[in-house]
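Taking it in order: structure first as structure tokens, then the write-up.
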Amino acid sequence: MSLQDRLLALKQENQKRIEESKELGDLDKIRVNLLGKKGPITEVLRGMRDLEASERPKVGAFANAVRDELKEAIEQQKKVLEQQEIAAKLAKETVDVTLPGSPVRTGTPHILQQTIDDLEDFFMGMGYQVVDGYEVEEDHYNFEMLNIPADHPARDMQDTFYIDQQLLMRTQTSASQARTLEHHDFAKGPLKMVSPGRVYRRDTDDATHSHQFHQMEGLVIDKHITMADLKGTLLAMAKHVLGAERKIRLRPSYFPFTEPSVEVDISCFKCGGAGCSVCKYSGWIEVLGAGMVHPNVLTAAGVDPEVYGGFAFGVGPDRLAMLKYGVDDIRAFYTNDVRFLEQFQTEG
Amino acid sequence: MDVSYNWLKELVDVPVSPEELADKVSVTGIEVPGIVRPDAGLKNIVIGHVESVKAHPDSDHLRICQVDVGEEELRQIICGAPNVAAGQTVIVAMPGARIKDNVKIKKGKIRGEISNGMLCALQEIGFSDSIAPKKYSDGIYVFSEALKPGSDALEALGMHDAILDFDITPNRADTLGMRGAAWEVGATYGNKPHFDDAPVVEGATPADSLLSVSVDDAKDAPSYNLRIVRNVKIGDSPLWLQKRLWNAGIRPLNNIVDITNYIMIYFGQPMHAFDYDKVAGHKVQVRRARAGESLTTLDGNDHELVRDDIVIADADKAIGLAGVMGGLNSEITKDTTTVVFESALFNHANVRKTAQRYNLRSQASSRFEKGIDQSNIGLALDTASRLASELAGGDVAKGVLTATSVSGAPVVIDIKLSRINHVLGTELSAKAVADIFDRLGFGVTTKDEDGDTIYTVSVPARRWDISIVPDLIEEVARLYGYDKLPSTLPESTLTVGVLNPTQSRIRRSRKLLEAAGLDQAITYALRGGNDNEHFALETSSRTALAWPMTVDHQDLRENLVMGLLDAVRYNGKRGETDVALYEQGRVFIRSTDQKRPAEHEYLAGVLTGNLVPSNWQHGAKKVDFFVAKGIVEHLLEDFNLAGTVTYAAKDLDGAMHPGQSASIYLDGQRIGLVGRLHPAYEAQNDLPETFIFELNLEPLFVAARGDKTAIPAPKFPSMTRDIAILISDKVSNAEILDVINSVGGKYLQNVQLFDVYTGNKLPAHTKSLAYTLTYLNPEATLTEETVENAFGEVKSALQAQLDAQIR
């Protein structure tokens, strides 16, 4: 066999071996055996000594070409095997993507807290400050300063948890109205505040009554605050809390600390006003009380009612949450059943 | 107040249906939450005249009646009522009729005798027991006057009516009488009401020759007036009067008592009638109850009176509780012949307290509590006397016996148009406002001044709720219509609306705890008597309610833990054993010399069961001391306190596990606790293994904060050294850290505990701890030598100071 024939045979034989190799390790062995110094190609080249000088370059070039082709074939096969190896690894790593993810345990803010925070944020956005009142309040601030004189029915022992003659558990967050009014310096600008917190009434706990619940008082006092401003503010709040389509309705009412006083209804968020069980088929839901601050309240706090005036409102987060989420028993807010609490994890 | 639509229409023009009226009045004045139609579901019920009655051959109690119902022939009806008798005008449900509860009346036979209908009691056609006349409670109803047989019985009974429920606010008691309701409805539609007030005809005998009257203190009874009507004949009221009463929810009794009730619902003026012959000494005195005095009221109940009660008395004794209820000893009975009518104004506070004290709240007392029309006290008395003469044939004695009186004059208020528009945010015209005052029946004169209109408004006494300018503005607003008010937002100097640092800190702490897996709880702040025994962070005196509702809610809380333990128990009973809750709220801390408790913001948590439930990848993560402590550490680190927080197993509460609890100190001040409940406490209180923590946030709000100047990320690499030591189990981690930190050198950045081992492979009373020490020089690359030297210092100090063996 001539050298060229041997080289050709070598090439054909090894190309087949390369293509048939299944593992990178095997392929590497082939490469070392074939292309190494003791490999068959080198050996063939050694035989060139016996050739004519004129033949040598031709055979040498042919030998180099064969070596390059085999090198190339090894590279090709290496890529194929590498791809296969990756594919096998991925296959091995494949998981059932329908298995549940690892649980991330986070706690849930109380739904009443969420309701209060939402209202606070809304009013802060309109420049209101958040005022923390006292839960133990003086009779003076809870009643007297709010134009509720000593023999007024609202001051019945029946309805109020008194601690002694002067001290009581506040029955309304309006108590912080009077305190803030007293200290506010109107030379530094208008008073715009909300005051959320716990209030207490001498009630027997049942599905619709709780001796402890929450209120948020709102108060705006300046020189040019109108009842139309009250209406606009409450309309904006209703839209924020219960949806952009909400409308509001004011009805005459009575509170000692406002005049005029109104009850505020919001168009039913469930039926849009058509009538359903949530709104008791009236299309409207009564949610809060409001009014223009009574001059006696301003005077008692040392504010001149001829110069300053404004509005106040009181909203009940418990009632709001009960309506919005269809909670039918107020006690659910205070028994803290984790199954009840945790359902409000997601944004409502 | 139950307002009869039909009666209302007699007093004022009502241009709309009852439903439309209810809707309209609800948004302009008085809420009308409901309408009742007395005839709802009833049909084919007619007037019948009982012609004859005979015994049923086959029954002791049934009778066979022949009844004229306006047909050619009499109808045979079997009746079981004991009071049925020939000559009566009665209610007949014809075959095919529907009576109460949609019961259908059919033709039939009763014990063999044909019965073509049913004679009815009022309750059988929907009257409640509380308003049906007692006289007929055991039988059928018998009309007090003849009516045309076959005519509509429901019409005769006034049942084709709509009763509107006027749910008044306390300031609108002016509508607790039909006249006031008519004024309100009239103002809504721009119509004036009309009342047919006829004069009372008096006889010759002067009233003051029959009776003397006095009031001890005019503050108790600012107006007190009596009239005497003689020779009355007590009997049933005519049907028109009975209808008025039962449509207002009041039971007819007899003509005189019915007249007093009628006056109350017509004028809003509560009245009372005494039997003149039972008034000892013919002397009436309004005075306070005397010590030891008692009275049996008309309802038959005895009351020991107190000094705060205003009583009506004769020469010997109390005969009535002023404004609340009359005494049985002067009651109108069928034998009464001379009546004393009382029309008065009593002090509202006394009436309220007396009614409350004896549980005698009534339509009368509630009217005195809320106020009455002071201009109609006399007219009400005259009208009652006139009716007594018309309906009971009495002679009205000459003159009114008046002990005290009030003027009932209008209140005059000046108000500017500009003020009204300024407050409401409207642009109402001068005429529009004047019209509203006129519709309300207020006198109004106007004058123009500087381009403004000034109204002088004369408000009649029937609207005693109105006394100042804002009251008039409310009248304008509601009758103009709140729906027409524009909706605007306040225009004023801009103000900053942000949470203050304390509020922000509270919100942030809540978020951190939620991120750590705790649900927020809200528990009751009023606690049972034993709930302040444990878990106190500050010493406090008890603050208790003067008059609690229940023993479970009588003291103000001094810790937040007890409420959370309630929640653990509540959940446990419902099978929820993995509970992680926190509460943020106030406790009430009072020193003995304080009356008013300070309100301190606290934060507390409870953990029981597993914090993370088991899943297909991992086992459950059970809570333990270090889970609870980790949460507290995480929370406190966030405060970036400049001071040092330490945990020590001292100052521990008796309800806590002595080996798994710590007090938390900030620079030596105790600010909190963390740990497990004492197993004995858990057992006694039906609690599972429970870990708690509680923090007093007040010192944390004001504590100095650490530096917030930025530190660049290190330019040079840090080096670490690990050290494992064998040491006595009496030595705490904190002590070891103290030693390491004190000798660690200036390049020691951090000491991290990475292993704790206790077990029987170690010598008795020892433990093995392993730490990684991290060294860093921010200015240069550390050399091995520097670190080795520093690390060597640590090793020798641990050996020398704590007798540690380096492993």
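Chain lettering (A, B, ...) mirrors the order of the structure tokens, residue numbering begins at 1 for each chain separately, and ligand numbering begins at 1 in order of display.
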
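For range 94-111 of chain A, the non-local neighbours within 7 Å, defined as residues at least 4 positions apart in the same chain or in other chains and counting only C-alpha atoms, are A:Leu90, A:Thr115, A:Leu341, A:Glu342, A:Phe344, A:Gln345, B:Glu514, B:Ala515, B:Ala516, B:Gly517, B:Leu518, B:Asp519, B:Gln520, B:Ala521, B:Val612.
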
Residue selection dump (C-alpha atoms) as a compact mmCIF listing (two decimals), in the first residue's frame:
# COMPACT_ATOMS: atom_id res chain seq x y z
CA LEU A 90 -31.22 19.33 31.75
CA THR A 115 -59.20 50.30 56.27
CA LEU A 341 -57.68 37.44 59.59
CA GLU A 342 -55.61 35.79 56.88
CA PHE A 344 -57.44 39.74 53.91
CA GLN A 345 -53.84 39.11 52.90
CA GLU B 514 -46.03 41.00 59.08
CA ALA B 515 -42.99 40.33 56.91
CA ALA B 516 -41.78 38.03 59.69
CA GLY B 517 -44.99 36.05 59.38
CA LEU B 518 -47.18 37.42 62.18
CA ASP B 519 -50.81 38.35 61.60
CA GLN B 520 -52.07 41.53 63.18
CA ALA B 521 -54.66 41.04 65.90
CA VAL B 612 -44.06 27.64 58.70

At most 10 Å is the cut-off: for each residue in range 665-730 of chain B with any atom that close to an atom of range 746-763 of chain B, write down the nearest atom pair and the distance in Å rounded to one decimal, counting only C-alpha atoms, chain first then increasing number, as CSV.
residue,atom,partner,partner_atom,distance
B:Ser718,CA,B:Gln749,CA,8.9
B:Met719,CA,B:Leu748,CA,9.6
B:Thr720,CA,B:Leu748,CA,9.4
B:Arg721,CA,B:Val751,CA,9.8
B:Asp722,CA,B:Phe754,CA,9.3
B:Ile723,CA,B:Leu753,CA,9.7
B:Ala724,CA,B:Asp755,CA,8.5
B:Ile725,CA,B:Val756,CA,9.9
B:Leu726,CA,B:Leu762,CA,8.5
B:Ile727,CA,B:Pro763,CA,9.7
B:Ser728,CA,B:Pro763,CA,9.4
B:Asp729,CA,B:Thr758,CA,8.5

Enumerate the residues of range 126-280 of chain A with a DSSP assignment of strand (DSSP E), computed from the backbone, and present them as an MDAnalysis selection string. chainID A and resid 129:130 136:138 167:169 191:200 212:222 248:255 258:267

Skip Ile74 in chain A itself and residues of its chain fewer than 2 positions away, then list as a VMD selection string all residues within 10 Å of it, counting only C-alpha atoms. chain A and resid 14 to 15 17 to 19 21 24 27 to 28 30 to 31 68 to 72 76 to 80

Kindly save the residues from that selection, with C-alpha atoms included, as a tab-separated table (two decimals), in the first residue's frame.
chain	number	residue	atom	x	y	z
A	14	ASN	CA	-11.04	6.91	12.08
A	15	GLN	CA	-13.79	9.12	10.75
A	17	ARG	CA	-14.76	5.76	14.93
A	18	ILE	CA	-15.12	9.45	15.66
A	19	GLU	CA	-18.69	9.56	14.49
A	21	SER	CA	-17.98	7.75	19.72
A	24	LEU	CA	-16.38	12.96	25.39
A	27	LEU	CA	-13.45	11.01	21.81
A	28	ASP	CA	-10.51	12.47	23.65
A	30	ILE	CA	-9.29	8.86	19.89
A	31	ARG	CA	-7.81	12.33	19.52
A	68	ASP	CA	-6.81	18.51	9.60
A	69	GLU	CA	-9.92	16.71	8.45
A	70	LEU	CA	-9.74	14.31	11.35
A	71	LYS	CA	-9.16	17.18	13.75
A	72	GLU	CA	-12.17	18.89	12.34
A	76	GLN	CA	-17.55	18.48	15.27
A	77	GLN	CA	-18.24	15.36	17.24
A	78	LYS	CA	-17.14	17.07	20.44
A	79	LYS	CA	-19.76	19.75	19.94
A	80	VAL	CA	-22.43	17.15	19.28

Within 8 Å of Pro317 in chain A using only C-alpha atoms, minus same-chain residues under 2 positions, as a PyMOL selection string: chain A and resi 112+115-116+214-216+315+319-321

May I have the residues from that selection written out with N, CA and C atoms, as a short mmCIF file (atom, residue, chain, number, x, y, z; two decimals), in the first residue's frame?
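Output file selection_9.cif is given in full below:
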data_model
loop_
_atom_site.label_atom_id
_atom_site.label_comp_id
_atom_site.auth_asym_id
_atom_site.auth_seq_id
_atom_site.Cartn_x
_atom_site.Cartn_y
_atom_site.Cartn_z
N LEU A 112 -59.28 45.93 59.72
CA LEU A 112 -59.64 47.27 60.22
C LEU A 112 -58.45 48.22 60.07
N THR A 115 -58.19 49.29 56.57
CA THR A 115 -59.20 50.30 56.27
C THR A 115 -58.76 51.67 56.81
N ILE A 116 -58.23 51.67 58.02
CA ILE A 116 -57.80 52.93 58.64
C ILE A 116 -56.59 53.50 57.89
N HIS A 214 -64.06 51.28 66.24
CA HIS A 214 -63.15 52.34 65.78
C HIS A 214 -63.91 53.47 65.11
N GLN A 215 -63.31 54.62 65.16
CA GLN A 215 -63.85 55.76 64.45
C GLN A 215 -62.71 56.54 63.84
N MET A 216 -63.02 57.32 62.83
CA MET A 216 -62.04 58.29 62.36
C MET A 216 -62.76 59.62 62.21
N VAL A 315 -66.28 58.79 60.55
CA VAL A 315 -66.54 57.58 59.77
C VAL A 315 -66.15 56.37 60.61
N ARG A 319 -67.76 49.62 60.46
CA ARG A 319 -68.94 49.57 59.60
C ARG A 319 -68.54 49.52 58.12
N LEU A 320 -67.55 50.36 57.79
CA LEU A 320 -67.08 50.41 56.41
C LEU A 320 -66.57 49.05 55.96
N ALA A 321 -65.77 48.42 56.82
CA ALA A 321 -65.20 47.11 56.47
C ALA A 321 -66.30 46.05 56.41
#

Give the residues of chain A that lie within 7 Å of chain B; count only C-alpha atoms, and format the answer as a ChimeraX atom specification. /A:105-110,124-130,151,161-164,189-190,202,212,225-229,231-233,249-254,259-260,334-338

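Nearest residue to Arg331 in chain A among A:Val32, A:Ala91, A:Ala207, A:Ile248 is A:Ala207, counting only C-alpha atoms.
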
Mind pulling up the distance from CA of Trp240 in chain B to CA of Val400 in chain B?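 Interatomic distance here is 27.6 Å.
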
Any idea what's packed within 7 Å of range 290-297 of chain A, counting only C-alpha atoms, ignoring anything in its chain fewer than 5 positions away? Could you give it as a list of chain:residue names? A:Met145, A:Leu146, A:Asn147, A:Met227, A:Phe257, A:Thr258, A:Glu259, A:Pro260, A:Ser261, A:Val262, A:Glu263, A:Pro305, A:Gly309, A:Gly310, A:Phe311, A:Ala312, A:Phe313, A:Gly314

Which is closest to Gln594 in chain B among A:Ala87, A:Leu167, A:Gln12, A:Arg198, if we use only C-alpha atoms?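 Of A:Ala87, A:Leu167, A:Gln12, A:Arg198, the one nearest Gln594 in chain B, counting only C-alpha atoms, is A:Leu167.
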
Which value, in Å to one decimal, gives the distance between CA of Pro658 in chain B and CA of Lys730 in chain B?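 Straight-line distance from CA of Pro658 in chain B to CA of Lys730 in chain B works out to 15.3 Å.
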
Please compute the CA of Val194 in chain A-CA of Leu695 in chain B distance, one decimal, in Å.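 Straight-line distance from CA of Val194 in chain A to CA of Leu695 in chain B works out to 27.1 Å.
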
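With only C-alpha atoms as the atoms that count, the residue of B:Lys106, B:Ile45, B:Gly186, B:His634 with the shortest distance to Glu124 in chain B is B:Ile45.
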